[in-house]
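For reference, input.txt is printed below; it contains compact mmCIF, C-alpha atoms.
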```
# COMPACT_ATOMS: atom_id res chain seq x y z
CA MET A 1 -2.08 -18.05 82.34
CA VAL A 2 -2.81 -21.43 80.70
CA ASP A 3 -4.89 -21.41 77.51
CA ASN A 4 -7.07 -24.51 77.22
CA THR A 5 -8.64 -25.73 74.00
CA ILE A 6 -12.30 -26.68 74.10
CA THR A 7 -14.53 -28.07 71.37
CA ILE A 8 -17.64 -26.18 70.30
CA PRO A 9 -20.06 -27.51 67.63
CA PRO A 10 -19.48 -25.72 64.26
CA GLU A 11 -23.03 -24.40 63.99
CA LEU A 12 -22.66 -22.78 67.41
CA VAL A 13 -19.31 -21.29 66.44
CA GLU A 14 -20.97 -19.78 63.39
CA LYS A 15 -23.68 -18.16 65.49
CA LEU A 16 -21.20 -16.92 68.08
CA GLU A 17 -18.94 -15.44 65.42
CA LYS A 18 -21.90 -13.61 63.91
CA ARG A 19 -22.91 -12.14 67.26
CA ALA A 20 -19.33 -11.25 68.18
CA LYS A 21 -18.98 -9.29 64.92
CA GLU A 22 -22.22 -7.44 65.63
CA SER A 23 -20.97 -6.41 69.08
CA GLU A 24 -17.82 -4.64 70.19
CA PHE A 25 -15.65 -7.71 70.65
CA GLU A 26 -12.40 -7.95 68.75
CA ASN A 27 -12.31 -11.73 68.62
CA LEU A 28 -14.35 -14.84 69.35
CA SER A 29 -12.30 -15.81 72.41
CA ASP A 30 -13.09 -12.53 74.19
CA TYR A 31 -16.77 -12.90 73.34
CA VAL A 32 -17.07 -16.52 74.50
CA SER A 33 -15.09 -15.77 77.69
CA TYR A 34 -17.40 -12.81 78.36
CA ILE A 35 -20.51 -14.95 78.02
CA LEU A 36 -19.08 -17.69 80.21
CA ARG A 37 -18.11 -15.15 82.86
CA GLN A 38 -21.61 -13.71 82.88
CA VAL A 39 -23.25 -17.15 83.12
CA LEU A 40 -20.84 -18.20 85.87
CA SER A 41 -21.50 -14.97 87.72
CA LYS A 42 -25.26 -15.60 87.64
CA VAL A 43 -24.86 -19.20 88.81
CA GLU A 44 -22.59 -18.05 91.64
CA ALA A 45 -25.13 -15.38 92.61
CA GLU A 46 -27.87 -18.02 92.84
CA LYS A 47 -25.66 -20.19 95.05
CA GLN A 48 -24.98 -17.13 97.16
CA GLU A 49 -28.71 -16.70 97.89
CA ILE A 50 -28.66 -20.02 99.77
CA LYS A 51 -25.75 -18.90 101.92
CA ASP A 52 -27.39 -15.59 102.73
CA THR A 53 -28.83 -16.47 106.12
CA LYS A 54 -25.49 -17.69 107.45
CA GLU A 55 -23.66 -14.71 106.05
CA GLU A 56 -26.04 -12.09 107.35
CA GLU A 57 -24.61 -12.34 110.84
CA GLN A 58 -21.08 -12.06 109.40
CA VAL A 59 -22.12 -8.93 107.51
CA LYS A 60 -23.64 -7.41 110.63
CA GLN A 61 -20.47 -8.12 112.62
CA LYS A 62 -18.33 -6.42 109.99
CA LEU A 63 -20.64 -3.39 110.05
CA ARG A 64 -20.44 -3.35 113.85
CA ASP A 65 -16.63 -3.45 113.62
CA LEU A 66 -16.77 -0.39 111.37
CA GLY A 67 -19.03 1.38 113.87
CA TYR A 68 -22.11 1.44 111.65
CA LEU A 69 -24.33 -0.88 113.70
CA ASN A 70 -24.76 -1.15 117.46
CA MET B 1 -3.69 21.88 99.43
CA ASN B 2 -0.54 22.36 97.37
CA ILE B 3 0.13 18.66 96.87
CA LEU B 4 -3.19 18.16 95.11
CA ASN B 5 -2.35 20.98 92.71
CA LYS B 6 0.81 19.17 91.67
CA GLY B 7 -1.33 16.59 89.86
CA TYR B 8 -4.26 16.45 87.49
CA PHE B 9 -6.66 17.76 90.10
CA PHE B 10 -10.27 16.76 89.44
CA SER B 11 -12.05 19.11 91.79
CA ASN B 12 -15.59 18.25 90.74
CA MET B 13 -15.76 14.47 90.91
CA ILE B 14 -18.84 12.42 91.79
CA THR B 15 -18.67 9.14 93.67
CA ALA B 16 -20.78 6.20 92.51
CA ALA B 17 -22.01 5.60 96.06
CA PRO B 18 -21.66 7.71 99.22
CA TYR B 19 -20.25 4.95 101.43
CA THR B 20 -16.87 3.25 101.28
CA LEU B 21 -17.91 -0.35 100.67
CA SER B 22 -19.72 0.28 97.41
CA ALA B 23 -17.67 3.34 96.43
CA ILE B 24 -14.33 1.49 96.53
CA HIS B 25 -15.68 -1.46 94.54
CA SER B 26 -16.72 1.05 91.86
CA ILE B 27 -13.31 2.70 91.84
CA MET B 28 -11.57 -0.68 91.62
CA THR B 29 -13.70 -1.87 88.69
CA GLY B 30 -14.78 1.27 86.83
CA LEU B 31 -18.35 0.04 87.24
CA TYR B 32 -21.50 1.28 88.90
CA PRO B 33 -22.73 -0.82 91.88
CA SER B 34 -25.42 -2.82 90.08
CA LYS B 35 -22.76 -4.07 87.66
CA HIS B 36 -20.16 -5.14 90.23
CA GLY B 37 -22.71 -6.54 92.67
CA VAL B 38 -21.85 -4.68 95.88
CA ASP B 39 -24.98 -2.60 95.69
CA SER B 40 -25.94 -2.43 99.35
CA TYR B 41 -24.25 -2.73 102.73
CA PHE B 42 -25.58 -6.28 103.09
CA ASN B 43 -24.31 -7.27 99.63
CA MET B 44 -20.71 -6.88 100.77
CA PHE B 45 -19.95 -10.50 99.79
CA LYS B 46 -21.68 -10.31 96.42
CA PHE B 47 -18.89 -8.87 94.33
CA LYS B 48 -19.07 -10.47 90.85
CA LYS B 49 -15.48 -11.63 90.94
CA ASP B 50 -15.75 -13.88 87.90
CA PHE B 51 -17.19 -11.10 85.78
CA CYS B 52 -15.40 -7.94 86.86
CA LYS B 53 -11.68 -7.41 86.40
CA THR B 54 -10.24 -5.26 89.15
CA PHE B 55 -7.62 -2.56 89.02
CA ALA B 56 -5.37 -4.81 91.14
CA GLN B 57 -5.81 -7.71 88.69
CA TYR B 58 -4.71 -5.45 85.83
CA MET B 59 -1.65 -4.44 87.78
CA LYS B 60 -0.84 -7.98 88.85
CA ASP B 61 -1.21 -9.24 85.25
CA ASN B 62 1.29 -6.62 84.20
CA GLY B 63 3.95 -7.62 86.67
CA TYR B 64 3.25 -5.33 89.59
CA TYR B 65 3.37 -6.44 93.21
CA ALA B 66 -0.04 -5.43 94.63
CA GLU B 67 -0.89 -4.73 98.27
CA SER B 68 -3.80 -3.05 100.04
CA ASN B 69 -4.12 -1.72 103.56
CA MET B 70 -7.66 -0.89 104.62
CA VAL B 71 -9.76 -0.49 107.76
CA GLY B 72 -11.92 -3.53 106.93
CA ASP B 73 -11.32 -6.70 104.93
CA SER B 74 -14.45 -6.41 102.80
CA LEU B 75 -13.98 -2.83 101.64
CA VAL B 76 -11.86 -3.62 98.62
CA PRO B 77 -12.12 -6.59 96.23
CA THR B 78 -9.08 -8.71 97.06
CA GLN B 79 -8.68 -10.26 93.58
CA GLY B 80 -5.23 -9.42 92.25
CA PHE B 81 -3.69 -8.33 95.53
CA ASP B 82 -0.64 -10.29 96.70
CA LYS B 83 -1.36 -9.02 100.18
CA ALA B 84 -4.63 -7.50 101.47
CA GLU B 85 -4.08 -6.32 105.03
CA VAL B 86 -6.35 -4.65 107.58
CA HIS B 87 -5.21 -2.02 110.07
CA ASN B 88 -6.63 -1.20 113.49
CA GLU B 89 -8.04 2.30 113.14
CA TYR B 90 -8.00 2.82 116.91
CA LYS B 91 -4.44 1.69 117.58
CA ASP B 92 -2.25 1.85 114.49
CA ASP B 93 -0.23 4.90 113.54
CA LEU B 94 -1.27 5.01 109.89
CA THR B 95 1.44 7.43 108.83
CA ASN B 96 4.24 5.19 110.05
CA LEU B 97 2.49 2.00 108.98
CA HIS B 98 1.96 3.23 105.43
CA LYS B 99 5.45 4.69 105.18
CA THR B 100 6.83 1.27 106.11
CA ILE B 101 4.62 -0.46 103.53
CA ILE B 102 5.78 2.00 100.85
CA SER B 103 9.45 1.52 101.73
CA GLU B 104 9.14 -2.25 101.56
CA ALA B 105 7.08 -2.30 98.33
CA SER B 106 9.40 0.15 96.59
CA LYS B 107 12.02 -2.57 96.28
CA LYS B 108 10.03 -3.91 93.34
CA LYS B 109 7.52 -2.74 90.73
CA PHE B 110 4.47 -2.08 92.91
CA PHE B 111 0.84 -1.07 93.18
CA LEU B 112 -0.34 0.02 96.64
CA PHE B 113 -3.87 0.88 97.73
CA LEU B 114 -3.72 2.58 101.12
CA GLN B 115 -6.63 3.95 103.12
CA TYR B 116 -6.32 6.76 105.62
CA SER B 117 -9.22 5.79 107.87
CA ASN B 118 -8.82 8.13 110.83
CA LEU B 119 -11.38 10.57 109.46
CA HIS B 120 -13.86 7.67 109.55
CA THR B 121 -12.70 6.83 113.09
CA GLN B 122 -13.33 10.33 114.38
CA THR B 123 -16.66 10.59 112.55
CA ILE B 124 -17.85 7.36 114.17
CA ILE B 125 -16.65 8.41 117.64
CA ASN B 126 -17.91 12.01 117.52
CA VAL B 127 -21.10 11.55 115.53
CA GLY B 128 -21.94 7.95 114.65
CA LYS B 129 -22.01 6.64 118.19
CA LYS B 130 -23.30 9.82 119.83
CA TYR B 131 -26.33 10.75 117.79
CA THR B 132 -29.17 9.30 115.76
CA ASP B 133 -30.11 10.45 112.27
CA PHE B 134 -32.69 12.68 113.90
CA SER B 135 -30.88 14.06 117.01
CA LYS B 136 -31.96 17.66 117.42
CA GLU B 137 -28.82 18.70 119.30
CA TYR B 138 -26.66 17.52 116.36
CA PHE B 139 -28.64 19.06 113.53
CA ASP B 140 -29.09 22.32 115.48
CA ASP B 141 -25.33 23.00 115.68
CA TYR B 142 -23.99 22.83 112.13
CA ASP B 143 -21.15 25.29 112.83
CA ARG B 144 -19.81 23.19 115.71
CA ASN B 145 -20.01 20.05 113.57
CA VAL B 146 -18.02 21.70 110.77
CA ARG B 147 -15.42 23.02 113.21
CA LEU B 148 -14.89 19.56 114.70
CA TYR B 149 -14.70 17.93 111.30
CA ASN B 150 -12.15 20.46 110.05
CA GLU B 151 -9.89 19.71 113.01
CA HIS B 152 -9.66 16.13 111.81
CA LEU B 153 -9.23 17.20 108.21
CA GLN B 154 -6.05 18.96 109.33
CA LYS B 155 -4.72 15.65 110.67
CA MET B 156 -5.43 14.05 107.33
CA ASP B 157 -3.58 16.87 105.59
CA ASN B 158 -0.58 16.12 107.79
CA TYR B 159 -0.77 12.45 106.79
CA VAL B 160 -0.88 13.33 103.09
CA GLU B 161 2.08 15.66 103.45
CA GLU B 162 4.15 13.07 105.32
CA ILE B 163 3.36 10.37 102.76
CA TYR B 164 4.24 12.73 99.92
CA ASN B 165 7.54 13.69 101.56
CA HIS B 166 8.34 10.04 102.18
CA LEU B 167 7.77 9.24 98.50
CA SER B 168 10.01 12.15 97.63
CA GLN B 169 12.78 11.03 99.99
CA LEU B 170 12.70 7.54 98.48
CA GLY B 171 13.01 9.07 95.01
CA LEU B 172 9.71 7.50 93.96
CA LEU B 173 8.06 10.65 92.62
CA ASP B 174 10.22 10.38 89.49
CA ASN B 175 8.77 7.06 88.41
CA THR B 176 5.54 6.52 90.35
CA ILE B 177 1.96 7.63 89.67
CA VAL B 178 0.38 8.80 92.92
CA ILE B 179 -3.38 9.20 93.30
CA PHE B 180 -4.97 10.97 96.24
CA PHE B 181 -8.73 10.65 96.33
CA SER B 182 -11.73 10.70 98.61
CA ASP B 183 -14.28 7.92 98.25
CA HIS B 184 -17.23 9.95 99.60
CA GLY B 185 -18.09 13.01 101.65
CA THR B 186 -19.96 13.34 104.92
CA SER B 187 -22.80 15.24 106.50
CA ASN B 188 -22.16 17.89 109.09
CA GLY B 189 -25.84 18.15 109.84
CA GLU B 190 -27.06 19.62 106.56
CA LYS B 191 -30.15 17.42 106.27
CA ILE B 192 -32.14 15.88 109.12
CA GLY B 193 -32.23 12.13 108.54
CA GLU B 194 -28.53 11.70 107.73
CA LYS B 195 -26.02 12.28 110.53
CA ILE B 196 -23.02 11.06 108.51
CA TYR B 197 -23.45 9.41 105.09
CA GLY B 198 -25.01 6.53 103.22
CA SER B 199 -28.69 7.46 103.46
CA PHE B 200 -29.06 10.19 100.82
CA THR B 201 -27.31 11.38 97.65
CA TYR B 202 -26.96 15.09 98.38
CA ASP B 203 -23.80 16.87 97.28
CA TYR B 204 -22.20 16.94 100.72
CA THR B 205 -21.68 13.17 100.45
CA ILE B 206 -21.35 12.51 96.71
CA LYS B 207 -19.06 15.40 95.64
CA ILE B 208 -15.44 14.46 96.10
CA PHE B 209 -12.05 15.12 94.47
CA SER B 210 -9.02 13.29 93.23
CA SER B 211 -5.55 14.24 92.18
CA ILE B 212 -3.36 12.13 89.91
CA LEU B 213 0.33 13.00 90.13
CA VAL B 214 2.18 11.83 87.04
CA PRO B 215 5.99 12.06 86.89
CA GLY B 216 7.17 14.84 84.60
CA LYS B 217 3.70 16.30 84.10
CA THR B 218 2.60 19.71 85.32
CA GLY B 219 -0.40 19.98 87.60
CA LYS B 220 -3.71 21.19 86.26
CA GLU B 221 -7.15 21.64 87.77
CA ILE B 222 -10.07 20.15 85.83
CA LYS B 223 -13.34 21.70 86.93
CA TYR B 224 -15.67 19.75 84.66
CA GLN B 225 -17.78 17.11 86.36
CA THR B 226 -16.05 13.70 86.36
CA ARG B 227 -16.77 10.37 88.09
CA THR B 228 -14.83 8.04 90.37
CA ILE B 229 -15.62 5.20 87.94
CA ASP B 230 -13.35 7.03 85.46
CA LEU B 231 -10.21 6.66 87.58
CA MET B 232 -9.31 3.09 86.61
CA SER B 233 -9.57 3.73 82.86
CA THR B 234 -7.44 6.84 83.30
CA ILE B 235 -4.60 4.95 84.93
CA LEU B 236 -4.85 2.13 82.39
CA GLU B 237 -4.45 4.73 79.63
CA ILE B 238 -1.53 6.49 81.31
CA LEU B 239 0.22 3.13 81.73
CA ASP B 240 -0.80 2.06 78.22
CA LEU B 241 -2.40 -1.16 79.50
CA LYS B 242 -4.89 -2.96 77.29
CA ILE B 243 -8.46 -3.38 78.55
CA ASP B 244 -9.51 -7.03 78.86
CA LYS B 245 -12.73 -7.30 76.90
CA SER B 246 -13.58 -10.77 78.15
CA PHE B 247 -14.76 -9.13 81.40
CA GLU B 248 -17.67 -6.76 82.03
CA LYS B 249 -17.27 -3.64 79.93
CA ILE B 250 -15.84 -0.82 82.03
CA GLN B 251 -18.39 2.00 82.36
CA GLY B 252 -15.84 4.64 83.30
CA LYS B 253 -13.81 6.43 80.63
CA SER B 254 -10.31 7.80 80.78
CA LEU B 255 -10.07 11.38 82.00
CA MET B 256 -7.02 12.17 79.89
CA SER B 257 -9.24 13.83 77.27
CA PHE B 258 -9.92 16.56 79.88
CA VAL B 259 -6.20 16.90 80.60
CA ASP B 260 -5.51 17.25 76.87
CA ASP B 261 -8.33 19.81 76.48
CA LYS B 262 -10.15 17.53 74.04
CA GLU B 263 -13.22 17.14 76.25
CA LYS B 264 -14.93 20.26 77.54
CA GLU B 265 -18.24 19.24 79.03
CA ASP B 266 -19.45 17.74 82.29
CA ARG B 267 -19.89 13.98 82.24
CA VAL B 268 -23.26 12.57 83.27
CA ALA B 269 -22.80 11.09 86.75
CA PHE B 270 -24.98 8.69 88.70
CA ALA B 271 -24.86 7.95 92.42
CA GLU B 272 -26.90 5.55 94.51
CA THR B 273 -27.25 4.29 98.05
CA GLY B 274 -29.36 2.40 100.58
CA GLY B 275 -29.05 3.58 104.18
CA LEU B 276 -28.47 1.49 107.28
CA ASN B 277 -30.53 4.07 109.13
CA GLY B 278 -32.19 7.34 108.16
CA PRO B 279 -35.81 7.85 107.16
CA TRP B 280 -36.04 4.84 104.82
CA PRO B 281 -33.33 2.30 105.67
CA SER B 282 -32.61 -0.27 102.97
CA HIS B 283 -29.93 -2.77 104.00
CA LYS B 284 -30.25 -5.16 101.09
CA GLU B 285 -30.70 -2.97 98.04
CA HIS B 286 -30.12 0.62 97.01
CA ASN B 287 -33.25 2.72 97.17
CA VAL B 288 -31.96 6.26 96.57
CA PHE B 289 -30.64 7.17 93.12
CA CYS B 290 -29.56 10.39 91.47
CA VAL B 291 -28.28 11.74 88.20
CA ARG B 292 -26.14 14.89 88.26
CA PHE B 293 -25.34 16.83 85.09
CA LYS B 294 -24.71 20.45 84.12
CA ASN B 295 -25.06 21.43 87.76
CA LYS B 296 -28.57 20.07 88.07
CA LYS B 297 -29.64 16.98 89.92
CA LEU B 298 -32.60 14.64 89.88
CA ILE B 299 -33.05 12.32 92.88
CA TYR B 300 -35.37 9.33 93.03
CA ASP B 301 -36.26 8.14 96.52
CA LYS B 302 -37.61 4.70 95.65
CA THR B 303 -39.10 3.77 99.04
CA PRO B 304 -41.43 6.73 99.44
CA LYS B 305 -41.57 7.00 95.61
CA THR B 306 -40.71 10.69 95.61
CA TRP B 307 -38.62 12.81 93.25
CA GLU B 308 -36.42 15.83 93.89
CA PHE B 309 -34.90 18.21 91.35
CA TYR B 310 -32.34 20.89 92.17
CA ASP B 311 -30.63 23.69 90.32
CA LEU B 312 -27.24 23.49 92.02
CA ASP B 313 -26.01 26.85 90.71
CA LYS B 314 -28.86 28.68 92.41
CA ASP B 315 -29.36 26.23 95.24
CA PRO B 316 -26.09 24.43 96.13
CA ALA B 317 -27.45 23.30 99.50
CA GLU B 318 -30.34 21.50 97.76
CA LYS B 319 -33.00 23.12 99.90
CA ASN B 320 -35.51 24.07 97.23
CA ASN B 321 -37.00 21.05 95.47
CA ILE B 322 -38.19 22.32 92.07
CA TYR B 323 -39.36 18.95 90.72
CA ASP B 324 -42.08 19.35 88.13
CA ARG B 325 -42.87 16.19 86.18
CA LYS B 326 -43.85 18.19 83.11
CA ASN B 327 -40.63 20.20 82.98
CA THR B 328 -38.56 19.32 79.87
CA GLU B 329 -35.29 19.02 81.81
CA VAL B 330 -36.90 16.84 84.45
CA ILE B 331 -38.19 14.53 81.70
CA GLU B 332 -34.70 14.33 80.17
CA PHE B 333 -33.04 13.62 83.54
CA LYS B 334 -35.70 11.07 84.46
CA LYS B 335 -35.08 9.17 81.22
CA LEU B 336 -31.32 9.06 81.94
CA LEU B 337 -31.82 7.91 85.52
CA LEU B 338 -34.41 5.23 84.80
CA GLU B 339 -32.29 3.81 81.97
CA HIS B 340 -29.38 3.65 84.40
CA ILE B 341 -31.41 1.94 87.14
CA GLU B 342 -32.99 -0.55 84.75
CA ASP B 343 -29.75 -1.48 82.95
CA LYS B 344 -29.45 -5.17 83.78
CA GLY B 345 -26.59 -5.89 81.42
CA ASP B 346 -28.15 -8.16 78.80
CA LEU B 347 -25.92 -10.51 76.87
CA PRO B 348 -24.50 -8.82 73.75
```

Let me see whether you can do it: turn the structure in this file into structure tokens.
Amino acid sequence: MVDNTITIPPELVEKLEKRAKESEFENLSDYVSYILRQVLSKVEAEKQEIKDTKEEEQVKQKLRDLGYLN
Amino acid sequence: MNILNKGYFFSNMITAAPYTLSAIHSIMTGLYPSKHGVDSYFNMFKFKKDFCKTFAQYMKDNGYYAESNMVGDSLVPTQGFDKAEVHNEYKDDLTNLHKTIISEASKKKFFLFLQYSNLHTQTIINVGKKYTDFSKEYFDDYDRNVRLYNEHLQKMDNYVEEIYNHLSQLGLLDNTIVIFFSDHGTSNGEKIGEKIYGSFTYDYTIKIFSSILVPGKTGKEIKYQTRTIDLMSTILEILDLKIDKSFEKIQGKSLMSFVDDKEKEDRVAFAETGGLNGPWPSHKEHNVFCVRFKNKKLIYDKTPKTWEFYDLDKDPAEKNNIYDRKNTEVIEFKKLLLEHIEDKGDLP
């Protein structure tokens, strides 16, 4: 795994460090990664909504293959 | 079965969802469905892969070769697997196929996730395609349904025995953790409205078992209520692997405290589903939820907005709904269940 360095404004780092200490995270990297994952997950979910119509037929076919739909 | 007794045998385990798609995603993440995203049949592509670290990813990150062999390609999150294969449940000989996969994988440090799907196959052939969720002839002959199901259970027992013997012959039992588990149960006609599974959360579909065989450790049955979401944390603890806190917090907890006699109480377990058929089908979101604890169960049927409460010691078949909204226990259970349903995972 490659670790990349990114720049975050100091005042934001201060706030993030405060919140990380108040939660169960052992370090700032874990906390920031967690937040980014959650944001990314929500963005991906929104994109997914658009694809839904196309994918519905795929879902139905997979359920037919498993014998759940006629 | 004797093989199950060779391991830490959790005989009173509750699945997070009574159908494979959602159940397996919960096992592979240690999370309930709303957290991992596969919270309905139609949400099969909505696994939160950027936010949930899978069992296979943990193994891969720790140098294991990871391979799965399932009946469908959407049943298990593929993240972390070097190879995620699908078998043909109608043609493949699963015993020989899985023995071959084990032999090949055993040449390196490996993690295999293998599904015996022939019980599903027979259930679909003998029930799924023959009856509706309301067929009188099916629900009128419970004894015949059980007899037929048990015949196929025997075939599964044979599979388990052959796989176990194969592991033994390869000398793998000395250095390999083996887990046998069921992802959900099935109806044999107990409740009209559910011919197989996935529509309700009664015990015949949510109560399952698992057995974890650990080299050098003596078998032991744990009768306290446990959850399938606890399996991943258990294996991570046995292998002494560190939990990655940059991902969604695992909801399951290691079961080793039961093995070590440090924990002596049932764990609160939730289960949820949304049927493809049944009395209130819900393809795109779960609409039946339950909390099970101390052998009592509260069920919330969201579509008709009804509640059910059962004392499972006195009424294991869940025939006598004793829901009373003023009852102290009902209030306590309702609080637990609503908190679980409404947990949206706010940012910490």

| request: Compile the residues of chain B that lie within 10 Å of chain A, evaluated using all atoms listed in the file, and express the compilation as a ChimeraX atom specification. | output: /B:37,41-52,61,71-74,89,120-121,123-125,128-129,244-249,276-277,345-348

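Atom CA of B:Phe10 lies 28.9 Å from atom CA of B:Trp307.
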
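Here atom CA of B:Gly80 is placed at a distance of 7.6 Å from atom CA of B:Met59.
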
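The space separating atom CA of B:Asn2 from atom CA of B:Tyr224 comes to 19.9 Å.
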
As a PDB file with C-alpha atoms, in the frame of the given file, please: the residues near B:Asn165 (cut-off 12 Å, only C-alpha atoms, same-chain neighbours under 5 positions excluded).
```pdb
ATOM      1  CA  ILE B   3       0.130  18.660  96.870  1.00  0.00           C
ATOM      2  CA  THR B  95       1.440   7.430 108.830  1.00  0.00           C
ATOM      3  CA  LYS B  99       5.450   4.690 105.180  1.00  0.00           C
ATOM      4  CA  ILE B 102       5.780   2.000 100.850  1.00  0.00           C
ATOM      5  CA  ASN B 158      -0.580  16.120 107.790  1.00  0.00           C
ATOM      6  CA  TYR B 159      -0.770  12.450 106.790  1.00  0.00           C
ATOM      7  CA  VAL B 160      -0.880  13.330 103.090  1.00  0.00           C
ATOM      8  CA  LEU B 170      12.700   7.540  98.480  1.00  0.00           C
ATOM      9  CA  GLY B 171      13.010   9.070  95.010  1.00  0.00           C
ATOM     10  CA  LEU B 172       9.710   7.500  93.960  1.00  0.00           C
ATOM     11  CA  LEU B 173       8.060  10.650  92.620  1.00  0.00           C
TER      12      LEU B 173
END
```

| message | With only C-alpha atoms as the counted atoms, please give the residues lying no more than 8 Å from B:Thr226, apart from itself and same-chain residues fewer than 3 positions off, as a list in words. | response | Phe10, Asn12, Met13, Ile14, Asp230, Leu255, Asp266, Arg267, Val268 and Ala269 of chain B

Shell of 10 Å around B:Ile192, only C-alpha atoms, local chain residues under 2 positions omitted, as an mmCIF file with C-alpha atoms, keeping the file's coordinate frame:
```cif
data_model
loop_
_atom_site.group_PDB
_atom_site.id
_atom_site.type_symbol
_atom_site.label_atom_id
_atom_site.label_comp_id
_atom_site.auth_asym_id
_atom_site.auth_seq_id
_atom_site.Cartn_x
_atom_site.Cartn_y
_atom_site.Cartn_z
ATOM 1 C CA THR B 132 -29.170 9.300 115.760
ATOM 2 C CA ASP B 133 -30.110 10.450 112.270
ATOM 3 C CA PHE B 134 -32.690 12.680 113.900
ATOM 4 C CA SER B 135 -30.880 14.060 117.010
ATOM 5 C CA LYS B 136 -31.960 17.660 117.420
ATOM 6 C CA TYR B 138 -26.660 17.520 116.360
ATOM 7 C CA PHE B 139 -28.640 19.060 113.530
ATOM 8 C CA ASP B 140 -29.090 22.320 115.480
ATOM 9 C CA SER B 187 -22.800 15.240 106.500
ATOM 10 C CA GLY B 189 -25.840 18.150 109.840
ATOM 11 C CA GLU B 190 -27.060 19.620 106.560
ATOM 12 C CA GLU B 194 -28.530 11.700 107.730
ATOM 13 C CA LYS B 195 -26.020 12.280 110.530
ATOM 14 C CA GLY B 278 -32.190 7.340 108.160
ATOM 15 C CA PRO B 279 -35.810 7.850 107.160
#
```
